[in-house]
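Data first, discussion second: the structure below is written as structure tokens.
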Amino acid sequence: MRARERPPVETFGAAWDALFDRPIAHRGLWSRDGAPENSLGAFQAACAHDYGIELDVQLTADGDAVVFHDERLERMAGVEGRVRDHTAAELGALALKGTDETIPTLAEALTVIGHRAMVHIELKTPFGEVGPLEKRVSEILIDHNGPTAIIGFNPYSHAWFADHHPQILRGLDSYGWNDEGARHVAPEMRKSMAALEHIEIARPDFLALGLDMLPSPKADVLRAKGMPVIAWTVRKPEQWAAIEAHCDNLIFEGFHA
């Protein structure tokens with residue numbers, strides 16, 4: 001049985017079918033000379049091209065969820081400091097990459113996107129800090145009428161949603177042992193992630209695997225049993241061609257999928 005043929009859980013509604021429907025634009029459909037990553041302009045562009053959307057969220061000093069990838073503000077906003085040390089209003093006043101775009105809250109982003117695109121919300125919850133961001137995101141999703149999924153690397157964040165809001169679709173991120181993005185993670189956890197051992201904790205509905213992990217014999221077995229696999233981040237068509245047979249969708253950037 002192919003992964004996409006798995007009978008949907010009724011409470012997922014349109015989110016399950018939307019999971020396979022369209023390629024997913026990484027941090028929106030951004031470009032170096034256009035709308036910056038994780039901006040409202042990038043989300044509008046993704047909707048205009050009929051793509052799904054992946055975005056990142058973090059907790060602010062006043063307990064809101066804002067859309068921003070990095071822990072620190074320097075690269076995208078040109079100022080020093082951490083996202084978590086500022087309020088949502090303070091962050092919303094910062095320009096992204098010298099453009100008119102600013103840092104949006106998750107609620108603002110979902111209002112702009114509406115029901116036009118499936119949104120993969122990556123929670124940037126640090127280990128040991130599960131709860132506040134998850135609670136805020138779940139509150140926002142109650143009022144959103146479009147298809148969404150929660151994704152992220154922290155298996156305990158997924159477990160929180162499995163326990164508190166099982167009707168919200170969940171995709172567990174993972175990367176290989178040598179992935180540069182994993183350097184901040186303890187070696188033991190990196191090894192566990194690379195072996196997909198954290199699935200037992202997270203209890204996900206699908207997997208989002210880095211290119212360095214694909215094709216994955218273990219993921220192939222899980223996929224055959226009904227757990228879809230989404231690849232990230234695909235930056236060239238030939239990368240997707242090499243792994244497409246092992247996946248159900250892709251998160252991409254730098255080209256039109």
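Chain labels run A, B, ... following the order of the structure tokens; each chain numbers its residues from 1, and ligands are numbered from 1 in the order shown.
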
Shell around Ala202 (chain A) at 6 Å using only C-alpha atoms, local window under 2 positions removed, as a ChimeraX atom specification: /A:155,158-159,199-200,204

How about saving the chosen residues, all heavy atoms kept, as an mmCIF file, in the first residue's frame?
```cif
data_model
loop_
_atom_site.group_PDB
_atom_site.id
_atom_site.type_symbol
_atom_site.label_atom_id
_atom_site.label_comp_id
_atom_site.auth_asym_id
_atom_site.auth_seq_id
_atom_site.Cartn_x
_atom_site.Cartn_y
_atom_site.Cartn_z
ATOM 1 N N PRO A 155 11.171 15.761 19.227
ATOM 2 C CA PRO A 155 10.136 14.729 19.336
ATOM 3 C C PRO A 155 9.180 14.965 20.492
ATOM 4 O O PRO A 155 8.029 14.529 20.456
ATOM 5 C CB PRO A 155 10.940 13.439 19.528
ATOM 6 C CG PRO A 155 12.239 13.879 20.111
ATOM 7 C CD PRO A 155 12.522 15.215 19.489
ATOM 8 N N HIS A 158 6.293 17.103 19.357
ATOM 9 C CA HIS A 158 5.285 16.284 18.682
ATOM 10 C C HIS A 158 4.449 15.500 19.689
ATOM 11 O O HIS A 158 3.234 15.366 19.537
ATOM 12 C CB HIS A 158 5.972 15.319 17.722
ATOM 13 C CG HIS A 158 6.507 15.972 16.494
ATOM 14 N ND1 HIS A 158 5.744 16.207 15.379
ATOM 15 C CD2 HIS A 158 7.746 16.458 16.214
ATOM 16 C CE1 HIS A 158 6.479 16.799 14.442
ATOM 17 N NE2 HIS A 158 7.701 16.956 14.934
ATOM 18 N N ALA A 159 5.115 14.966 20.703
ATOM 19 C CA ALA A 159 4.396 14.206 21.722
ATOM 20 C C ALA A 159 3.379 15.090 22.441
ATOM 21 O O ALA A 159 2.284 14.625 22.794
ATOM 22 C CB ALA A 159 5.385 13.607 22.727
ATOM 23 N N ILE A 199 11.154 8.417 16.541
ATOM 24 C CA ILE A 199 9.772 8.205 16.123
ATOM 25 C C ILE A 199 8.926 7.681 17.277
ATOM 26 O O ILE A 199 7.753 8.041 17.417
ATOM 27 C CB ILE A 199 9.730 7.228 14.928
ATOM 28 C CG1 ILE A 199 10.228 7.922 13.661
ATOM 29 C CG2 ILE A 199 8.317 6.696 14.711
ATOM 30 C CD1 ILE A 199 10.286 7.010 12.458
ATOM 31 N N GLU A 200 9.503 6.841 18.102
ATOM 32 C CA GLU A 200 8.755 6.244 19.211
ATOM 33 C C GLU A 200 8.253 7.302 20.186
ATOM 34 O O GLU A 200 7.169 7.183 20.755
ATOM 35 C CB GLU A 200 9.641 5.235 19.942
ATOM 36 C CG GLU A 200 10.131 4.078 19.082
ATOM 37 C CD GLU A 200 8.990 3.269 18.497
ATOM 38 O OE1 GLU A 200 7.981 3.077 19.198
ATOM 39 O OE2 GLU A 200 9.098 2.848 17.330
ATOM 40 N N PRO A 204 4.612 10.425 15.065
ATOM 41 C CA PRO A 204 4.186 11.309 13.976
ATOM 42 C C PRO A 204 3.223 10.630 13.005
ATOM 43 O O PRO A 204 3.072 9.411 12.991
ATOM 44 C CB PRO A 204 5.516 11.620 13.273
ATOM 45 C CG PRO A 204 6.306 10.359 13.445
ATOM 46 C CD PRO A 204 5.946 9.866 14.833
#
```

Can you pull out the residues contacting region 113-129 of chain A? Cut-off 6 Å, using only C-alpha atoms, and skip same-chain residues under 6 positions away; I want them as a VMD selection string. chain A and resid 52 to 58 146 to 152

Just-selected residues, N, CA, C and O atoms written as a PDB file, in the first residue's frame:
```pdb
ATOM      1  N   GLY A  52       2.281  24.661  -1.739  1.00  0.00           N
ATOM      2  CA  GLY A  52       2.164  24.628  -0.296  1.00  0.00           C
ATOM      3  C   GLY A  52       3.259  25.505   0.313  1.00  0.00           C
ATOM      4  O   GLY A  52       4.152  25.993  -0.391  1.00  0.00           O
ATOM      5  N   ILE A  53       3.216  25.679   1.626  1.00  0.00           N
ATOM      6  CA  ILE A  53       4.149  26.592   2.302  1.00  0.00           C
ATOM      7  C   ILE A  53       4.718  25.927   3.540  1.00  0.00           C
ATOM      8  O   ILE A  53       3.982  25.338   4.343  1.00  0.00           O
ATOM      9  N   GLU A  54       6.031  26.029   3.703  1.00  0.00           N
ATOM     10  CA  GLU A  54       6.693  25.683   4.965  1.00  0.00           C
ATOM     11  C   GLU A  54       7.163  26.971   5.595  1.00  0.00           C
ATOM     12  O   GLU A  54       7.681  27.862   4.895  1.00  0.00           O
ATOM     13  N   LEU A  55       6.972  27.118   6.904  1.00  0.00           N
ATOM     14  CA  LEU A  55       7.448  28.300   7.613  1.00  0.00           C
ATOM     15  C   LEU A  55       7.902  27.901   9.010  1.00  0.00           C
ATOM     16  O   LEU A  55       7.587  26.812   9.497  1.00  0.00           O
ATOM     17  N   ASP A  56       8.674  28.783   9.645  1.00  0.00           N
ATOM     18  CA  ASP A  56       9.246  28.506  10.963  1.00  0.00           C
ATOM     19  C   ASP A  56       8.634  29.428  12.005  1.00  0.00           C
ATOM     20  O   ASP A  56       8.388  30.607  11.726  1.00  0.00           O
ATOM     21  N   VAL A  57       8.393  28.912  13.206  1.00  0.00           N
ATOM     22  CA  VAL A  57       7.856  29.761  14.262  1.00  0.00           C
ATOM     23  C   VAL A  57       8.671  29.635  15.547  1.00  0.00           C
ATOM     24  O   VAL A  57       9.202  28.568  15.863  1.00  0.00           O
ATOM     25  N   GLN A  58       8.756  30.754  16.249  1.00  0.00           N
ATOM     26  CA  GLN A  58       9.446  30.830  17.529  1.00  0.00           C
ATOM     27  C   GLN A  58       8.599  31.606  18.519  1.00  0.00           C
ATOM     28  O   GLN A  58       7.719  32.387  18.135  1.00  0.00           O
ATOM     29  N   GLY A 146      -7.748  26.865   7.080  1.00  0.00           N
ATOM     30  CA  GLY A 146      -7.030  26.193   6.006  1.00  0.00           C
ATOM     31  C   GLY A 146      -6.292  24.968   6.508  1.00  0.00           C
ATOM     32  O   GLY A 146      -6.124  24.773   7.719  1.00  0.00           O
ATOM     33  N   PRO A 147      -5.809  24.109   5.599  1.00  0.00           N
ATOM     34  CA  PRO A 147      -5.085  22.896   6.002  1.00  0.00           C
ATOM     35  C   PRO A 147      -3.703  23.225   6.569  1.00  0.00           C
ATOM     36  O   PRO A 147      -2.985  24.062   6.028  1.00  0.00           O
ATOM     37  N   THR A 148      -3.338  22.560   7.648  1.00  0.00           N
ATOM     38  CA  THR A 148      -2.046  22.794   8.286  1.00  0.00           C
ATOM     39  C   THR A 148      -1.474  21.473   8.802  1.00  0.00           C
ATOM     40  O   THR A 148      -2.182  20.489   8.992  1.00  0.00           O
ATOM     41  N   ALA A 149      -0.164  21.512   9.045  1.00  0.00           N
ATOM     42  CA  ALA A 149       0.515  20.421   9.735  1.00  0.00           C
ATOM     43  C   ALA A 149       1.598  21.026  10.610  1.00  0.00           C
ATOM     44  O   ALA A 149       2.191  22.055  10.261  1.00  0.00           O
ATOM     45  N   ILE A 150       1.841  20.398  11.726  1.00  0.00           N
ATOM     46  CA  ILE A 150       2.947  20.766  12.601  1.00  0.00           C
ATOM     47  C   ILE A 150       4.144  19.906  12.208  1.00  0.00           C
ATOM     48  O   ILE A 150       4.030  18.683  12.080  1.00  0.00           O
ATOM     49  N   ILE A 151       5.308  20.541  12.020  1.00  0.00           N
ATOM     50  CA  ILE A 151       6.529  19.785  11.791  1.00  0.00           C
ATOM     51  C   ILE A 151       7.604  20.303  12.739  1.00  0.00           C
ATOM     52  O   ILE A 151       7.413  21.318  13.413  1.00  0.00           O
ATOM     53  N   GLY A 152       8.733  19.612  12.798  1.00  0.00           N
ATOM     54  CA  GLY A 152       9.826  20.034  13.668  1.00  0.00           C
ATOM     55  C   GLY A 152      10.681  18.860  14.084  1.00  0.00           C
ATOM     56  O   GLY A 152      10.319  17.691  13.879  1.00  0.00           O
TER      57      GLY A 152
END
```

Give me, as number ranges by chain, all polymer residues having an atom no more than 9 Å from Gly28 (chain A), counting only C-alpha atoms and skipping those fewer than 4 positions away in the same chain. A: 24, 36-47, 51-55, 253

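Summary of the local environment: counting only C-alpha atoms, residues at most 7 Å from Leu207 (chain A), other than itself and those fewer than 3 positions away along its chain, are Gly171, Leu172, Asp173, Pro228, Val229 and Ile230 of chain A.
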
Nearest candidate to His256 (chain A) (options A:Leu169, A:Ile142, A:Leu59, A:Val234; using only C-alpha atoms): A:Val234

Give the helix (DSSP H, G or I) residues of region 12-164 of chain A, as assigned by DSSP on the backbone, as a ChimeraX atom specification. /A:12,14-21,40-48,74-77,83-85,88-92,106-113,132-142,155-164

Could the residues of region 97-149 of chain A that have an atom at most 10 Å from region 75-91 of chain A be listed as a tab-separated table, each with its closest atom pair and the distance in Å to one decimal, counting only C-alpha atoms and ordered by chain and ascending residue number?
```
residue	atom	partner	partner_atom	distance
A:Lys97	CA	A:Met76	CA	5.4
A:Gly98	CA	A:Ala77	CA	7.7
A:Thr99	CA	A:Ala77	CA	9.7
A:Thr102	CA	A:Leu91	CA	7.7
A:Ile103	CA	A:Leu91	CA	5.9
A:Pro104	CA	A:Leu91	CA	8.0
A:Thr105	CA	A:Ala88	CA	7.0
```

Prev. selection, N, CA, C and O atoms, output as a compact mmCIF listing (two decimals), in the first residue's frame:
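Written out: out-v5.txt:
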```
# COMPACT_ATOMS: atom_id res chain seq x y z
N LYS A 97 15.86 42.10 5.57
CA LYS A 97 16.79 42.25 4.45
C LYS A 97 16.64 43.58 3.73
O LYS A 97 16.78 43.68 2.51
N GLY A 98 16.36 44.64 4.49
CA GLY A 98 16.27 45.97 3.90
C GLY A 98 15.06 46.21 3.03
O GLY A 98 15.01 47.19 2.27
N THR A 99 14.06 45.35 3.12
CA THR A 99 12.84 45.50 2.33
C THR A 99 11.74 46.13 3.19
O THR A 99 11.95 46.47 4.35
N THR A 102 8.31 42.85 7.05
CA THR A 102 8.69 42.78 8.47
C THR A 102 8.42 41.36 8.99
O THR A 102 7.92 40.50 8.27
N ILE A 103 8.78 41.12 10.24
CA ILE A 103 8.61 39.80 10.84
C ILE A 103 7.14 39.61 11.24
O ILE A 103 6.65 40.31 12.12
N PRO A 104 6.42 38.69 10.61
CA PRO A 104 5.01 38.53 10.93
C PRO A 104 4.78 37.57 12.10
O PRO A 104 5.62 36.71 12.39
N THR A 105 3.67 37.73 12.75
CA THR A 105 3.25 36.70 13.70
C THR A 105 2.66 35.54 12.90
O THR A 105 2.30 35.69 11.72
```

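Closest approach to Ala245 (chain A) among A:Ala257, A:Ile201, A:Ala162, A:Leu214 is made by A:Leu214 (distances from only C-alpha atoms).
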
Mind giving me the straight-line distance from CA of Arg136 (chain A) to CA of Asp248 (chain A) in Å, one decimal? 29.5 Å

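Interatomic distance, CA of Thr60 (chain A) to CA of Asn145 (chain A): 24.1 Å.
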
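Of the residues listed (A:Ala95, A:Ala241, A:Ala61, A:Ala15), A:Ala15 shows the shortest atom-to-atom separation from Asp205 (chain A); distances use only C-alpha atoms.
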
List every residue of region 194-248 of chain A that DSSP, applied to the backbone of this structure, places in strand (DSSP E or B), and write the result as number ranges by chain. A: 206-210, 229-234

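Of the residues listed (A:His246, A:His69, A:Arg190, A:Arg203), A:His69 shows the shortest atom-to-atom separation from His26 (chain A); distances use only C-alpha atoms.
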
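Checking A:Ser174, A:Asp212, A:Glu244, A:Ile168 one by one against Ala195 (chain A), counting only C-alpha atoms, you find the shortest gap at A:Ser174.
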